[in-house]
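A.B. asks: Please read through the structure below; I'll follow up with questions.
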Amino acid sequence: MSVSTKAAFAEALKKMMTVKPMEKITVKDLVEICGVNRQTFYYHFDDIYDLLEWVFEEDAKRSLPKEVVYDHWREDVMIFFEYLYENRSFVINIFNSNSRLYMLRFLKERLQSCIRAFADIVARDMNIDRQDFDFVIEFYVNGVIGIISQWLDLGMPASTVMADTKDRFMKLLDGSIENLLARFQSER
């Protein structure tokens with residue numbers, strides 16, 4: 001019951017975000033949609049932002065990769081763009097709200113673990129200082145977050161991510177993490 005109640009609140013939040021900005025959504029709105037009382041909401045969540053965090057975590061578990069696998073890294077990276085596009089009204093509403101930084105921080109953390117998993121494989125036989133390794137990861141993660149932010153700022157047009165940006169992005173990343181890590185390799 002608990003997980004299904006939480007899921008009902010998550011769906012209610014997403015539904016409300018198609019008609020109201022995040023800052024204007026109230027607990028009252030959500031409990032009316034779910035047909036429960038306020039105490040039920042507060043039993044599960046501290047506030048709407050706690051619910052929003054739960055939605056991100058659940059969506060990530062269900063939709064986003066935990067790591068980027070070397071043999072199909074392109075597909076793994078594109079899952080992030082596809083998730084955002086499939087949930088665009090929800091995502092754009094958050095992006096245009098005071099919760100923007102939370103969402104970008106969440107995506108950054110998830111991307112960081114994915115790119116780190118990929119870079120760990122690439123750098124397996126390289127002698128790279130840990131600070132340099134972390135710097136390379138941060139460089140790539142911030143680049144991806146920058147592209148995502150720009151795309152969200154444009155309103156997430158389908159042609160941008162699904163065609164032009166996808167091709168450019170793949171050309172940019174193809175082999176570049178390996179090359180950049182190799183530049184930081186030191187003699188043993």
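The chains in the structure tokens are called A, B, ... from first to last as shown; in each chain the residues are counted from 1, and the ligands are counted from 1 in the order shown.
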So that I can check the surroundings of Ser97 (chain A), please list as a list of chain:residue names every protein, DNA and RNA residue that reaches within 8 Å of it, counting only C-alpha atoms and ignoring chain neighbours fewer than 3 positions away.
C.D. replies: A:Pro21, A:Met22, A:Glu23, A:Asn93, A:Ile94, A:Arg100
A.B. asks: Go ahead and write the selection's residues with C-alpha atoms as an mmCIF file, in the first residue's frame.
C.D. replies:
```cif
data_model
loop_
_atom_site.group_PDB
_atom_site.id
_atom_site.type_symbol
_atom_site.label_atom_id
_atom_site.label_comp_id
_atom_site.auth_asym_id
_atom_site.auth_seq_id
_atom_site.Cartn_x
_atom_site.Cartn_y
_atom_site.Cartn_z
ATOM 1 C CA PRO A 21 3.932 25.684 -12.053
ATOM 2 C CA MET A 22 5.723 23.753 -9.325
ATOM 3 C CA GLU A 23 5.590 26.655 -6.838
ATOM 4 C CA ASN A 93 8.098 22.768 -15.263
ATOM 5 C CA ILE A 94 10.837 21.844 -12.794
ATOM 6 C CA ARG A 100 15.866 23.750 -11.245
#
```
A.B. asks: Identify all residues of chain A in helix (DSSP H, G or I) (DSSP on the backbone) and supply them as a VMD selection string.
C.D. replies: chain A and resid 2 to 16 22 to 24 27 to 34 38 to 44 48 to 63 70 to 86 88 to 95 100 to 122 130 to 153 158 to 173 176 to 183
A.B. asks: Hey, can you spit out that residue selection with C-alpha atoms as a short mmCIF file (atom, residue, chain, number, x, y, z; two decimals), in the first residue's frame?
C.D. replies:
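Output (part-v4.cif):
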```cif
data_model
loop_
_atom_site.label_atom_id
_atom_site.label_comp_id
_atom_site.auth_asym_id
_atom_site.auth_seq_id
_atom_site.Cartn_x
_atom_site.Cartn_y
_atom_site.Cartn_z
CA SER A 2 2.78 2.42 0.91
CA VAL A 3 4.56 2.26 -2.43
CA SER A 4 1.30 2.46 -4.37
CA THR A 5 0.22 5.49 -2.31
CA LYS A 6 3.56 7.16 -3.00
CA ALA A 7 3.20 6.32 -6.68
CA ALA A 8 -0.28 7.84 -6.70
CA PHE A 9 1.12 11.06 -5.23
CA ALA A 10 3.90 11.01 -7.83
CA GLU A 11 1.38 10.68 -10.66
CA ALA A 12 -0.74 13.43 -9.13
CA LEU A 13 2.30 15.72 -8.96
CA LYS A 14 3.16 15.03 -12.60
CA LYS A 15 -0.46 15.60 -13.60
CA MET A 16 -0.60 18.91 -11.72
CA MET A 22 5.72 23.75 -9.32
CA GLU A 23 5.59 26.65 -6.84
CA LYS A 24 1.79 26.85 -7.08
CA VAL A 27 -0.56 19.40 -0.82
CA LYS A 28 -4.30 20.09 -1.01
CA ASP A 29 -4.14 19.74 -4.82
CA LEU A 30 -2.41 16.37 -4.54
CA VAL A 31 -4.63 14.87 -1.85
CA GLU A 32 -7.75 15.90 -3.80
CA ILE A 33 -6.50 14.10 -6.89
CA CYS A 34 -5.59 11.00 -4.86
CA ARG A 38 -3.50 15.51 4.20
CA GLN A 39 -2.24 13.19 6.94
CA THR A 40 -1.75 10.44 4.35
CA PHE A 41 0.47 12.74 2.36
CA TYR A 42 2.49 13.75 5.43
CA TYR A 43 2.80 10.13 6.51
CA HIS A 44 4.81 9.51 3.33
CA ILE A 48 6.13 18.54 -1.97
CA TYR A 49 9.89 18.80 -2.51
CA ASP A 50 10.37 15.53 -0.64
CA LEU A 51 7.84 14.00 -3.03
CA LEU A 52 9.71 15.52 -5.97
CA GLU A 53 12.93 13.93 -4.73
CA TRP A 54 11.15 10.57 -4.45
CA VAL A 55 9.84 10.94 -8.01
CA PHE A 56 13.37 11.56 -9.31
CA GLU A 57 14.75 8.58 -7.43
CA GLU A 58 12.00 6.24 -8.60
CA ASP A 59 12.20 7.43 -12.20
CA ALA A 60 15.96 6.99 -12.11
CA LYS A 61 15.69 3.44 -10.78
CA ARG A 62 13.17 2.60 -13.47
CA SER A 63 14.52 4.50 -16.46
CA TYR A 70 31.64 0.41 -22.61
CA ASP A 71 30.15 -1.70 -25.40
CA HIS A 72 26.98 0.38 -25.72
CA TRP A 73 27.84 3.71 -24.14
CA ARG A 74 26.08 5.70 -26.85
CA GLU A 75 22.74 4.11 -26.07
CA ASP A 76 23.30 4.52 -22.32
CA VAL A 77 24.02 8.24 -22.63
CA MET A 78 21.03 8.81 -24.90
CA ILE A 79 18.72 7.24 -22.30
CA PHE A 80 19.13 10.45 -20.28
CA PHE A 81 17.93 12.58 -23.18
CA GLU A 82 15.09 10.19 -23.96
CA TYR A 83 13.91 10.14 -20.34
CA LEU A 84 13.88 13.94 -20.22
CA TYR A 85 12.02 14.19 -23.52
CA GLU A 86 9.41 11.57 -22.57
CA ARG A 88 9.12 16.98 -20.90
CA SER A 89 6.15 18.77 -19.33
CA PHE A 90 7.27 17.60 -15.90
CA VAL A 91 10.94 18.37 -16.61
CA ILE A 92 10.36 21.80 -18.16
CA ASN A 93 8.10 22.77 -15.26
CA ILE A 94 10.84 21.84 -12.79
CA PHE A 95 13.51 23.52 -14.91
CA ARG A 100 15.87 23.75 -11.24
CA LEU A 101 19.10 23.36 -9.32
CA TYR A 102 17.82 20.29 -7.53
CA MET A 103 16.96 18.61 -10.83
CA LEU A 104 20.28 19.54 -12.45
CA ARG A 105 22.17 18.39 -9.35
CA PHE A 106 20.27 15.10 -9.42
CA LEU A 107 21.05 14.56 -13.11
CA LYS A 108 24.66 15.53 -12.53
CA GLU A 109 25.07 12.97 -9.75
CA ARG A 110 23.53 10.24 -11.89
CA LEU A 111 25.62 11.18 -14.94
CA GLN A 112 28.74 11.39 -12.79
CA SER A 113 28.37 7.80 -11.63
CA CYS A 114 27.68 6.66 -15.19
CA ILE A 115 30.64 8.45 -16.72
CA ARG A 116 32.87 7.38 -13.83
CA ALA A 117 31.95 3.72 -14.44
CA PHE A 118 32.85 4.16 -18.11
CA ALA A 119 36.10 6.00 -17.35
CA ASP A 120 37.11 3.35 -14.81
CA ILE A 121 37.05 0.79 -17.61
CA VAL A 122 38.93 3.07 -20.00
CA ARG A 130 43.04 10.52 -8.86
CA GLN A 131 42.58 14.31 -8.96
CA ASP A 132 43.25 14.32 -12.70
CA PHE A 133 40.84 11.42 -13.19
CA ASP A 134 38.14 13.25 -11.21
CA PHE A 135 38.82 16.43 -13.19
CA VAL A 136 38.22 14.62 -16.50
CA ILE A 137 34.95 13.17 -15.20
CA GLU A 138 33.83 16.60 -13.96
CA PHE A 139 34.68 18.10 -17.36
CA TYR A 140 32.48 15.62 -19.22
CA VAL A 141 29.63 15.70 -16.72
CA ASN A 142 29.46 19.49 -16.79
CA GLY A 143 29.53 19.42 -20.59
CA VAL A 144 26.56 17.06 -20.72
CA ILE A 145 24.67 19.07 -18.08
CA GLY A 146 25.37 22.22 -20.10
CA ILE A 147 23.93 20.65 -23.24
CA ILE A 148 20.89 19.40 -21.32
CA SER A 149 20.37 22.86 -19.75
CA GLN A 150 20.56 24.57 -23.12
CA TRP A 151 18.10 22.10 -24.59
CA LEU A 152 15.68 22.61 -21.67
CA ASP A 153 16.05 26.36 -22.01
CA ALA A 158 12.48 17.14 -30.54
CA SER A 159 14.63 17.79 -33.59
CA THR A 160 17.41 19.28 -31.47
CA VAL A 161 18.07 16.27 -29.29
CA MET A 162 16.89 13.48 -31.48
CA ALA A 163 18.87 14.43 -34.56
CA ASP A 164 21.38 17.28 -34.65
CA THR A 165 22.56 17.29 -31.05
CA LYS A 166 22.61 13.51 -30.81
CA ASP A 167 24.96 13.19 -33.79
CA ARG A 168 27.22 16.01 -32.64
CA PHE A 169 27.26 14.74 -29.10
CA MET A 170 28.21 11.22 -30.16
CA LYS A 171 31.01 12.53 -32.40
CA LEU A 172 32.30 14.62 -29.52
CA LEU A 173 32.33 11.76 -27.02
CA SER A 176 37.48 11.54 -26.47
CA ILE A 177 37.28 10.29 -22.89
CA GLU A 178 40.00 7.76 -23.73
CA ASN A 179 42.13 10.45 -25.37
CA LEU A 180 41.73 12.95 -22.56
CA LEU A 181 42.49 10.38 -19.87
CA ALA A 182 45.59 9.34 -21.83
CA ARG A 183 46.82 12.96 -21.72
#
```
A.B. asks: Measure the distance from CA of Gly35 (chain A) to CA of Asn98 (chain A) in Å and round it to one decimal.
C.D. replies: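 Straight-line distance from CA of Gly35 (chain A) to CA of Asn98 (chain A) works out to 27.6 Å.
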A.B. asks: For CA of Asn96 (chain A) and CA of Asp47 (chain A), determine how far apart the two atoms are, in Å to one decimal place.
C.D. replies: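 The value is 19.4 Å.
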